[in-house]
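Colleague: One file is attached below, upload.pdb, containing PDB, C-alpha atoms, pLDDT in the B column.
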```
ATOM      1  CA  MET A1169     -14.204  -6.857   7.350  1.00 82.00           C
ATOM      2  CA  ALA A1170     -15.142  -8.506  10.663  1.00 91.00           C
ATOM      3  CA  ILE A1171     -13.132  -7.458  13.729  1.00 94.00           C
ATOM      4  CA  LEU A1172     -13.137  -8.854  17.253  1.00 96.00           C
ATOM      5  CA  LEU A1173     -12.246  -6.357  20.005  1.00 97.00           C
ATOM      6  CA  SER A1174     -10.845  -8.065  23.089  1.00 97.00           C
ATOM      7  CA  SER A1175     -10.309  -6.268  26.395  1.00 97.00           C
ATOM      8  CA  ALA A1176     -11.568  -6.421  29.964  1.00 97.00           C
ATOM      9  CA  ASN A1177     -11.538  -2.600  30.062  1.00 97.00           C
ATOM     10  CA  PRO A1178     -14.862  -1.151  28.799  1.00 96.00           C
ATOM     11  CA  ALA A1179     -13.264   2.267  28.147  1.00 96.00           C
ATOM     12  CA  VAL A1180     -10.621   0.691  25.919  1.00 97.00           C
ATOM     13  CA  ILE A1181     -13.258  -1.293  24.029  1.00 96.00           C
ATOM     14  CA  LYS A1182     -15.308   1.875  23.501  1.00 96.00           C
ATOM     15  CA  ARG A1183     -12.289   3.804  22.201  1.00 96.00           C
ATOM     16  CA  TRP A1184     -11.352   1.085  19.746  1.00 96.00           C
ATOM     17  CA  SER A1185     -14.964   0.672  18.687  1.00 94.00           C
ATOM     18  CA  ASP A1186     -15.377   4.398  18.036  1.00 94.00           C
ATOM     19  CA  LEU A1187     -12.162   4.567  16.018  1.00 94.00           C
ATOM     20  CA  LEU A1188     -12.898   1.470  13.939  1.00 92.00           C
ATOM     21  CA  SER A1189     -16.494   2.323  13.094  1.00 87.00           C
ATOM     22  CA  PRO A1190     -18.138   1.451  10.687  1.00 85.00           C
ATOM     23  CA  HIS A1191     -16.380  -1.938  10.441  1.00 85.00           C
ATOM     24  CA  PRO A1192     -18.540  -4.839  11.713  1.00 90.00           C
ATOM     25  CA  MET A1193     -17.309  -5.574  15.232  1.00 93.00           C
ATOM     26  CA  GLU A1194     -17.894  -7.973  18.095  1.00 95.00           C
ATOM     27  CA  GLN A1195     -16.518  -7.775  21.615  1.00 96.00           C
ATOM     28  CA  ALA A1196     -14.943 -10.139  24.117  1.00 96.00           C
ATOM     29  CA  ALA A1197     -14.025  -9.307  27.714  1.00 96.00           C
ATOM     30  CA  THR A1198     -12.159 -12.503  28.612  1.00 96.00           C
ATOM     31  CA  LEU A1199      -9.675 -14.824  26.961  1.00 95.00           C
ATOM     32  CA  ALA A1200     -12.171 -17.676  27.195  1.00 95.00           C
ATOM     33  CA  GLU A1201     -14.699 -15.568  25.317  1.00 96.00           C
ATOM     34  CA  VAL A1202     -12.105 -14.732  22.646  1.00 96.00           C
ATOM     35  CA  LYS A1203     -11.528 -18.460  22.090  1.00 94.00           C
ATOM     36  CA  ARG A1204     -15.252 -19.182  22.005  1.00 94.00           C
ATOM     37  CA  ARG A1205     -16.027 -16.436  19.486  1.00 94.00           C
ATOM     38  CA  CYS A1206     -13.048 -17.263  17.256  1.00 93.00           C
ATOM     39  CA  THR A1207     -14.038 -20.928  17.225  1.00 91.00           C
ATOM     40  CA  ALA A1208     -17.585 -20.058  16.191  1.00 92.00           C
ATOM     41  CA  LYS A1209     -16.695 -17.432  13.575  1.00 92.00           C
ATOM     42  CA  ALA A1210     -13.761 -16.381  11.390  1.00 91.00           C
ATOM     43  CA  PHE A1211     -12.610 -12.801  12.020  1.00 93.00           C
ATOM     44  CA  ASP A1212     -10.414 -10.800   9.657  1.00 91.00           C
ATOM     45  CA  MET A1213      -8.600  -9.336  12.651  1.00 94.00           C
ATOM     46  CA  ILE A1214      -8.591  -9.820  16.421  1.00 95.00           C
ATOM     47  CA  VAL A1215      -7.576  -6.708  18.362  1.00 96.00           C
ATOM     48  CA  LEU A1216      -6.201  -8.129  21.585  1.00 97.00           C
ATOM     49  CA  HIS A1217      -5.433  -6.177  24.772  1.00 97.00           C
ATOM     50  CA  ARG A1218      -2.093  -7.240  26.242  1.00 97.00           C
ATOM     51  CA  SER A1219      -3.641  -7.344  29.714  1.00 96.00           C
ATOM     52  CA  LEU A1220      -5.664 -10.396  28.660  1.00 96.00           C
ATOM     53  CA  VAL A1221      -2.703 -12.583  27.707  1.00 95.00           C
ATOM     54  CA  ASP A1222       0.854 -13.513  28.568  1.00 95.00           C
ATOM     55  CA  LEU A1223       3.075 -15.475  26.168  1.00 95.00           C
ATOM     56  CA  PRO A1224       1.952 -18.984  27.248  1.00 95.00           C
ATOM     57  CA  ALA A1225      -1.715 -17.957  27.080  1.00 95.00           C
ATOM     58  CA  PHE A1226      -1.192 -16.460  23.639  1.00 96.00           C
ATOM     59  CA  ALA A1227       0.538 -19.642  22.451  1.00 93.00           C
ATOM     60  CA  GLU A1228      -2.545 -21.607  23.491  1.00 93.00           C
ATOM     61  CA  LEU A1229      -4.787 -19.079  21.764  1.00 94.00           C
ATOM     62  CA  ARG A1230      -2.757 -19.480  18.553  1.00 93.00           C
ATOM     63  CA  LYS A1231      -3.333 -23.230  18.706  1.00 92.00           C
ATOM     64  CA  THR A1232      -7.068 -22.607  18.982  1.00 91.00           C
ATOM     65  CA  VAL A1233      -7.074 -20.013  16.177  1.00 91.00           C
ATOM     66  CA  PRO A1234      -4.020 -20.826  14.005  1.00 91.00           C
ATOM     67  CA  ALA A1235      -5.120 -18.598  11.135  1.00 89.00           C
ATOM     68  CA  GLY A1236      -6.061 -15.631  13.347  1.00 91.00           C
ATOM     69  CA  ARG A1237      -4.627 -12.189  12.541  1.00 93.00           C
ATOM     70  CA  PHE A1238      -3.873 -10.839  16.026  1.00 96.00           C
ATOM     71  CA  PHE A1239      -3.152  -7.152  16.637  1.00 96.00           C
ATOM     72  CA  LEU A1240      -1.738  -6.931  20.166  1.00 96.00           C
ATOM     73  CA  LEU A1241      -2.046  -3.561  21.897  1.00 96.00           C
ATOM     74  CA  SER A1242      -0.181  -2.867  25.127  1.00 95.00           C
ATOM     75  CA  ASP A1243      -0.585  -0.088  27.692  1.00 95.00           C
ATOM     76  CA  ARG A1244       3.219   0.015  27.967  1.00 92.00           C
ATOM     77  CA  PRO A1245       4.702  -1.181  24.660  1.00 89.00           C
ATOM     78  CA  ASP A1246       8.170  -2.633  25.034  1.00 87.00           C
ATOM     79  CA  GLU A1247      10.619  -3.762  22.323  1.00 83.00           C
ATOM     80  CA  GLU A1248      11.450  -7.073  24.006  1.00 87.00           C
ATOM     81  CA  GLU A1249       7.790  -7.835  24.596  1.00 91.00           C
ATOM     82  CA  GLY A1250       6.938  -6.955  21.003  1.00 89.00           C
ATOM     83  CA  LEU A1251       9.686  -9.192  19.625  1.00 87.00           C
ATOM     84  CA  ALA A1252       8.618 -12.096  21.833  1.00 91.00           C
ATOM     85  CA  PHE A1253       4.987 -11.885  20.740  1.00 93.00           C
ATOM     86  CA  LEU A1254       6.037 -11.341  17.118  1.00 88.00           C
ATOM     87  CA  LYS A1255       7.895 -14.666  17.251  1.00 87.00           C
ATOM     88  CA  ALA A1256       4.772 -16.208  18.800  1.00 92.00           C
ATOM     89  CA  GLY A1257       2.697 -15.164  15.789  1.00 92.00           C
ATOM     90  CA  ILE A1258       1.081 -11.749  16.190  1.00 93.00           C
ATOM     91  CA  ALA A1259       0.425  -9.717  13.036  1.00 91.00           C
ATOM     92  CA  GLY A1260       0.711  -6.340  14.726  1.00 92.00           C
ATOM     93  CA  TYR A1261       1.923  -4.664  17.910  1.00 93.00           C
ATOM     94  CA  GLY A1262       1.379  -1.174  19.258  1.00 91.00           C
ATOM     95  CA  ASN A1263       0.110   1.101  22.007  1.00 93.00           C
ATOM     96  CA  THR A1264      -3.371   0.600  23.468  1.00 95.00           C
ATOM     97  CA  TYR A1265      -3.976   4.312  22.882  1.00 95.00           C
ATOM     98  CA  ILE A1266      -2.661   4.323  19.318  1.00 92.00           C
ATOM     99  CA  SER A1267      -3.585   7.385  17.264  1.00 90.00           C
ATOM    100  CA  PRO A1268      -6.571   7.140  14.893  1.00 91.00           C
ATOM    101  CA  ALA A1269      -4.340   7.519  11.813  1.00 85.00           C
ATOM    102  CA  ARG A1270      -1.938   4.786  12.903  1.00 85.00           C
ATOM    103  CA  LEU A1271      -4.795   2.490  13.852  1.00 90.00           C
ATOM    104  CA  ALA A1272      -6.350   2.910  10.414  1.00 87.00           C
ATOM    105  CA  GLU A1273      -2.965   2.183   8.784  1.00 83.00           C
ATOM    106  CA  ALA A1274      -2.456  -0.890  10.966  1.00 87.00           C
ATOM    107  CA  VAL A1275      -5.902  -2.277  10.162  1.00 87.00           C
ATOM    108  CA  ARG A1276      -5.300  -1.800   6.427  1.00 83.00           C
ATOM    109  CA  ILE A1277      -1.910  -3.529   6.505  1.00 81.00           C
ATOM    110  CA  ILE A1278      -2.910  -6.413   8.774  1.00 86.00           C
ATOM    111  CA  SER A1279      -6.164  -7.097   6.925  1.00 82.00           C
ATOM    112  CA  ASN A1280      -4.173  -7.257   3.662  1.00 77.00           C
ATOM    113  CA  GLY A1281      -1.902  -9.940   5.085  1.00 81.00           C
ATOM    114  CA  GLY A1282       0.966  -7.724   6.250  1.00 78.00           C
ATOM    115  CA  VAL A1283       2.585  -7.108   9.621  1.00 81.00           C
ATOM    116  CA  TRP A1284       2.313  -3.730  11.374  1.00 82.00           C
ATOM    117  CA  LEU A1285       4.762  -2.664  14.074  1.00 82.00           C
ATOM    118  CA  GLY A1286       5.537   0.572  15.876  1.00 75.00           C
ATOM    119  CA  GLN A1287       8.533   2.636  14.752  1.00 69.00           C
ATOM    120  CA  GLN A1288      10.734   1.685  17.706  1.00 70.00           C
ATOM    121  CA  LEU A1289      10.264  -2.026  17.114  1.00 76.00           C
ATOM    122  CA  ILE A1290      10.864  -1.640  13.366  1.00 72.00           C
ATOM    123  CA  HIS A1291      14.070   0.248  14.172  1.00 69.00           C
ATOM    124  CA  ARG A1292      15.195  -2.570  16.466  1.00 74.00           C
ATOM    125  CA  LEU A1293      14.416  -5.227  13.852  1.00 74.00           C
ATOM    126  CA  ILE A1294      16.291  -3.320  11.144  1.00 69.00           C
ATOM    127  CA  LEU A1295      19.430  -3.007  13.253  1.00 69.00           C
ATOM    128  CA  ASP A1296      19.300  -6.608  14.494  1.00 71.00           C
ATOM    129  CA  ALA A1297      18.640  -8.051  11.045  1.00 65.00           C
ATOM    130  CA  ALA A1298      21.300  -5.885   9.419  1.00 61.00           C
ATOM    131  CA  ALA A1299      23.881  -7.172  11.873  1.00 65.00           C
ATOM    132  CA  ARG A1300      23.012 -10.785  11.038  1.00 63.00           C
ATOM    133  CA  ALA A1301      22.388 -10.479   7.296  1.00 59.00           C
ATOM    134  CA  PRO A1302      25.047 -11.844   4.925  1.00 58.00           C
ATOM    135  CA  LYS A1303      26.640  -9.231   2.710  1.00 57.00           C
ATOM    136  CA  GLU A1304      25.396  -9.214  -0.869  1.00 52.00           C
ATOM    137  CA  GLU A1305      27.664  -8.405  -3.795  1.00 55.00           C
ATOM    138  CA  ALA A1306      27.573  -4.668  -4.478  1.00 58.00           C
ATOM    139  CA  PRO A1307      26.680  -5.085  -8.191  1.00 64.00           C
ATOM    140  CA  ALA A1308      23.613  -7.150  -7.271  1.00 67.00           C
ATOM    141  CA  VAL A1309      22.404  -4.509  -4.836  1.00 71.00           C
ATOM    142  CA  THR A1310      23.165  -1.774  -7.367  1.00 75.00           C
ATOM    143  CA  ARG A1311      20.958  -3.474  -9.965  1.00 82.00           C
ATOM    144  CA  LYS A1312      18.064  -3.700  -7.528  1.00 81.00           C
ATOM    145  CA  LEU A1313      18.410  -0.032  -6.586  1.00 86.00           C
ATOM    146  CA  ALA A1314      19.089   1.257 -10.106  1.00 88.00           C
ATOM    147  CA  ASN A1315      15.540   2.424 -10.784  1.00 89.00           C
ATOM    148  CA  LEU A1316      15.262   4.541  -7.642  1.00 93.00           C
ATOM    149  CA  THR A1317      15.248   8.283  -8.047  1.00 95.00           C
ATOM    150  CA  ARG A1318      17.878  10.278  -6.172  1.00 94.00           C
ATOM    151  CA  MET A1319      15.374  11.231  -3.460  1.00 95.00           C
ATOM    152  CA  GLU A1320      14.037   7.686  -3.143  1.00 95.00           C
ATOM    153  CA  ARG A1321      17.596   6.439  -2.654  1.00 93.00           C
ATOM    154  CA  ILE A1322      18.303   9.092   0.003  1.00 94.00           C
ATOM    155  CA  VAL A1323      15.115   8.208   1.872  1.00 94.00           C
ATOM    156  CA  ALA A1324      15.889   4.475   1.605  1.00 92.00           C
ATOM    157  CA  GLU A1325      19.367   4.990   3.051  1.00 90.00           C
ATOM    158  CA  GLN A1326      17.873   6.942   5.948  1.00 89.00           C
ATOM    159  CA  VAL A1327      15.434   4.092   6.614  1.00 86.00           C
ATOM    160  CA  ALA A1328      18.350   1.634   6.562  1.00 83.00           C
ATOM    161  CA  VAL A1329      19.928   3.325   9.578  1.00 78.00           C
ATOM    162  CA  GLY A1330      16.643   3.260  11.500  1.00 74.00           C
ATOM    163  CA  ARG A1331      15.410   6.824  11.010  1.00 79.00           C
ATOM    164  CA  THR A1332      11.673   7.398  11.386  1.00 78.00           C
ATOM    165  CA  ASN A1333       9.577   9.039   8.677  1.00 83.00           C
ATOM    166  CA  LEU A1334       9.231  12.140  10.842  1.00 83.00           C
ATOM    167  CA  GLU A1335      13.003  12.403  11.330  1.00 85.00           C
ATOM    168  CA  ILE A1336      13.644  11.911   7.610  1.00 90.00           C
ATOM    169  CA  ALA A1337      11.087  14.559   6.726  1.00 91.00           C
ATOM    170  CA  ALA A1338      12.678  17.066   9.127  1.00 90.00           C
ATOM    171  CA  ASP A1339      16.190  16.371   7.817  1.00 91.00           C
ATOM    172  CA  LEU A1340      15.214  16.689   4.158  1.00 94.00           C
ATOM    173  CA  GLY A1341      12.797  19.586   4.543  1.00 94.00           C
ATOM    174  CA  ILE A1342       9.838  17.666   3.109  1.00 94.00           C
ATOM    175  CA  THR A1343       6.531  16.465   4.531  1.00 92.00           C
ATOM    176  CA  GLU A1344       6.029  13.094   6.174  1.00 89.00           C
ATOM    177  CA  ARG A1345       3.484  12.312   3.466  1.00 91.00           C
ATOM    178  CA  THR A1346       6.160  12.870   0.816  1.00 94.00           C
ATOM    179  CA  VAL A1347       8.515  10.522   2.660  1.00 92.00           C
ATOM    180  CA  LYS A1348       5.801   7.845   2.641  1.00 90.00           C
ATOM    181  CA  ALA A1349       5.249   8.378  -1.090  1.00 93.00           C
ATOM    182  CA  HIS A1350       8.974   7.928  -1.794  1.00 94.00           C
ATOM    183  CA  LEU A1351       9.029   4.766   0.305  1.00 93.00           C
ATOM    184  CA  THR A1352       5.979   3.281  -1.398  1.00 92.00           C
ATOM    185  CA  SER A1353       7.639   3.830  -4.758  1.00 93.00           C
ATOM    186  CA  ALA A1354      10.928   2.368  -3.511  1.00 92.00           C
ATOM    187  CA  TYR A1355       9.188  -0.751  -2.179  1.00 90.00           C
ATOM    188  CA  GLU A1356       7.598  -1.352  -5.578  1.00 90.00           C
ATOM    189  CA  LYS A1357      10.769  -0.736  -7.590  1.00 91.00           C
ATOM    190  CA  THR A1358      12.989  -2.937  -5.418  1.00 89.00           C
ATOM    191  CA  LYS A1359      10.322  -5.632  -4.869  1.00 86.00           C
ATOM    192  CA  THR A1360      11.035  -5.454  -1.135  1.00 84.00           C
ATOM    193  CA  GLY A1361       7.440  -4.704  -0.161  1.00 80.00           C
ATOM    194  CA  ASN A1362       8.094  -3.074   3.199  1.00 80.00           C
ATOM    195  CA  ARG A1363      10.389  -0.956   5.350  1.00 81.00           C
ATOM    196  CA  LEU A1364      12.352  -3.861   6.811  1.00 78.00           C
ATOM    197  CA  GLY A1365      12.962  -5.468   3.413  1.00 81.00           C
ATOM    198  CA  LEU A1366      14.187  -2.195   1.935  1.00 85.00           C
ATOM    199  CA  ALA A1367      16.490  -1.544   4.888  1.00 82.00           C
ATOM    200  CA  LEU A1368      17.968  -5.037   4.613  1.00 80.00           C
ATOM    201  CA  LEU A1369      18.600  -4.578   0.902  1.00 83.00           C
ATOM    202  CA  ILE A1370      20.511  -1.345   1.520  1.00 82.00           C
ATOM    203  CA  ASN A1371      22.479  -2.867   4.410  1.00 75.00           C
ATOM    204  CA  ARG A1372      23.419  -5.983   2.417  1.00 71.00           C
ATOM    205  CA  GLY A1373      25.460  -3.753   0.161  1.00 60.00           C
TER     206      GLY A1373
END
```
Starting from the coordinates I provided, produce the structure as structure tokens.
Modeller:
Amino acid sequence: MAILLSSANPAVIKRWSDLLSPHPMEQAATLAEVKRRCTAKAFDMIVLHRSLVDLPAFAELRKTVPAGRFFLLSDRPDEEEGLAFLKAGIAGYGNTYISPARLAEAVRIISNGGVWLGQQLIHRLILDAAARAPKEEAPAVTRKLANLTRMERIVAEQVAVGRTNLEIAADLGITERTVKAHLTSAYEKTKTGNRLGLALLINRG
């Protein structure tokens, strides 16, 4: 998997490079260089430092690289900023100094065609979407949720009100890894595929 690391800060580039080793990587220190490299070669993911772009500049970049999978990392992540760039076409949004485990998860999801967002932004999207979503007939929702185990249903309902995995684990007295396992199973059984889809299904009822 080929990755382009884009930042004017050498320390940031080094951190990302160390964490993403041994993936094949190239580097770009300016927006012009990002465009040049992406025009010359197809990358599986472009890790883009927020300091390099504002929304208009990113819109132009998207025109240059319409199929690019951009993972935008910000020194000061903000929900409104994340939502704005999400609408503009990013595939991921998080903190510049994201933890190694979360970075690995984000790379896996984005490279597989998914969208990766921080917990706060996911929470915001769940609440906003739930408020706008049309109600679905209870029997229809019940059928979709029928195959969930009792614990999977409990975890799903916690997700639907915006709880994080860590909060759910603490409330239920289980590990965060167990929460993730329940969610993975719930996604498969309900055909929702992700946290937001599962939350919307629960809230539609």
Colleague: Skipping near chain neighbours, those fewer than 2 positions away, what residues fall within 8 Å of segment 1214-1231 of chain A using only C-alpha atoms, listed as JSON, numbers by chain?
Modeller: {"A": [1171, 1172, 1173, 1174, 1175, 1176, 1198, 1199, 1203, 1211, 1212, 1233, 1234, 1235, 1236, 1237, 1238, 1239, 1240, 1241, 1242, 1243, 1252, 1253, 1256, 1257, 1264]}
Colleague: Between atom CA of Glu1247 of chain A and atom CA of Gly1365 of chain A, measure the distance and give it in Å to one decimal.
Modeller: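 Interatomic distance, atom CA of Glu1247 of chain A to atom CA of Gly1365 of chain A: 19.1 Å.
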Colleague: Please write as a PyMOL selection string the full residue list that the PyMOL selection byres ((chain A and resi 1275) around 10) yields on this file.
Modeller: chain A and resi 1169+1171+1188+1212-1213+1215+1239+1260+1270-1274+1276-1280+1282-1284
Colleague: Please produce a file of the residues just selected, as an mmCIF file, keeping the file's coordinate frame, where the atoms kept are C-alpha atoms.
Modeller:
```
data_model
loop_
_atom_site.group_PDB
_atom_site.id
_atom_site.type_symbol
_atom_site.label_atom_id
_atom_site.label_comp_id
_atom_site.auth_asym_id
_atom_site.auth_seq_id
_atom_site.Cartn_x
_atom_site.Cartn_y
_atom_site.Cartn_z
ATOM 1 C CA MET A 1169 -14.204 -6.857 7.350
ATOM 2 C CA ILE A 1171 -13.132 -7.458 13.729
ATOM 3 C CA LEU A 1188 -12.898 1.470 13.939
ATOM 4 C CA ASP A 1212 -10.414 -10.800 9.657
ATOM 5 C CA MET A 1213 -8.600 -9.336 12.651
ATOM 6 C CA VAL A 1215 -7.576 -6.708 18.362
ATOM 7 C CA PHE A 1239 -3.152 -7.152 16.637
ATOM 8 C CA GLY A 1260 0.711 -6.340 14.726
ATOM 9 C CA ARG A 1270 -1.938 4.786 12.903
ATOM 10 C CA LEU A 1271 -4.795 2.490 13.852
ATOM 11 C CA ALA A 1272 -6.350 2.910 10.414
ATOM 12 C CA GLU A 1273 -2.965 2.183 8.784
ATOM 13 C CA ALA A 1274 -2.456 -0.890 10.966
ATOM 14 C CA ARG A 1276 -5.300 -1.800 6.427
ATOM 15 C CA ILE A 1277 -1.910 -3.529 6.505
ATOM 16 C CA ILE A 1278 -2.910 -6.413 8.774
ATOM 17 C CA SER A 1279 -6.164 -7.097 6.925
ATOM 18 C CA ASN A 1280 -4.173 -7.257 3.662
ATOM 19 C CA GLY A 1282 0.966 -7.724 6.250
ATOM 20 C CA VAL A 1283 2.585 -7.108 9.621
ATOM 21 C CA TRP A 1284 2.313 -3.730 11.374
#
```
Colleague: Of the candidates A:Asp1296, A:Arg1331, A:Thr1346, A:Thr1207, which shows the shortest atom-to-atom distance to Met1319 of chain A, using all atoms listed in the file?
Modeller: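 Ranking A:Asp1296, A:Arg1331, A:Thr1346, A:Thr1207 by distance to Met1319 of chain A, first place goes to A:Thr1346.
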Colleague: Could you write out as a PyMOL selection string the residues that the PyMOL selection byres ((chain A and resi 1289) around 12) matches in the shown file?
Modeller: chain A and resi 1245-1254+1260-1263+1283-1288+1290-1297+1330-1332+1363-1364
Colleague: Output segment 1181-1201 of chain A as a compact mmCIF listing (two decimals), in the coordinates of the input, making sure N, CA and C atoms are there.
Modeller:
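Output file out_18.txt follows:
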```txt
# COMPACT_ATOMS: atom_id res chain seq x y z
N ILE A 1181 -12.39 -0.74 25.07
CA ILE A 1181 -13.26 -1.29 24.03
C ILE A 1181 -14.02 -0.18 23.32
N LYS A 1182 -14.54 0.77 24.10
CA LYS A 1182 -15.31 1.88 23.50
C LYS A 1182 -14.42 2.72 22.59
N ARG A 1183 -13.20 3.01 23.02
CA ARG A 1183 -12.29 3.80 22.20
C ARG A 1183 -11.99 3.10 20.88
N TRP A 1184 -11.64 1.83 20.97
CA TRP A 1184 -11.35 1.08 19.75
C TRP A 1184 -12.58 1.03 18.84
N SER A 1185 -13.73 0.78 19.46
CA SER A 1185 -14.96 0.67 18.69
C SER A 1185 -15.28 1.97 17.95
N ASP A 1186 -15.12 3.10 18.65
CA ASP A 1186 -15.38 4.40 18.04
C ASP A 1186 -14.43 4.66 16.87
N LEU A 1187 -13.16 4.30 17.05
CA LEU A 1187 -12.16 4.57 16.02
C LEU A 1187 -12.33 3.66 14.80
N LEU A 1188 -12.80 2.44 15.03
CA LEU A 1188 -12.90 1.47 13.94
C LEU A 1188 -14.26 1.45 13.26
N SER A 1189 -15.20 2.22 13.76
CA SER A 1189 -16.49 2.32 13.09
C SER A 1189 -16.28 2.84 11.67
N PRO A 1190 -16.96 2.33 10.66
CA PRO A 1190 -18.14 1.45 10.69
C PRO A 1190 -17.85 -0.02 10.39
N HIS A 1191 -16.64 -0.52 10.66
CA HIS A 1191 -16.38 -1.94 10.44
C HIS A 1191 -17.29 -2.79 11.34
N PRO A 1192 -17.77 -3.92 10.86
CA PRO A 1192 -18.54 -4.84 11.71
C PRO A 1192 -17.65 -5.34 12.85
N MET A 1193 -18.13 -5.21 14.08
CA MET A 1193 -17.31 -5.57 15.23
C MET A 1193 -18.09 -6.38 16.26
N GLU A 1194 -17.37 -7.28 16.93
CA GLU A 1194 -17.89 -7.97 18.10
C GLU A 1194 -16.91 -7.74 19.24
N GLN A 1195 -17.35 -8.06 20.45
CA GLN A 1195 -16.52 -7.78 21.62
C GLN A 1195 -16.35 -9.01 22.49
N ALA A 1196 -15.20 -9.07 23.17
CA ALA A 1196 -14.94 -10.14 24.12
C ALA A 1196 -14.18 -9.55 25.30
N ALA A 1197 -14.63 -9.89 26.52
CA ALA A 1197 -14.02 -9.31 27.71
C ALA A 1197 -13.06 -10.25 28.41
N THR A 1198 -13.05 -11.52 28.00
CA THR A 1198 -12.16 -12.50 28.61
C THR A 1198 -11.48 -13.32 27.53
N LEU A 1199 -10.39 -13.97 27.91
CA LEU A 1199 -9.68 -14.82 26.96
C LEU A 1199 -10.54 -16.02 26.55
N ALA A 1200 -11.28 -16.55 27.50
CA ALA A 1200 -12.17 -17.68 27.20
C ALA A 1200 -13.22 -17.28 26.16
N GLU A 1201 -13.71 -16.05 26.28
CA GLU A 1201 -14.70 -15.57 25.32
C GLU A 1201 -14.07 -15.34 23.95
```
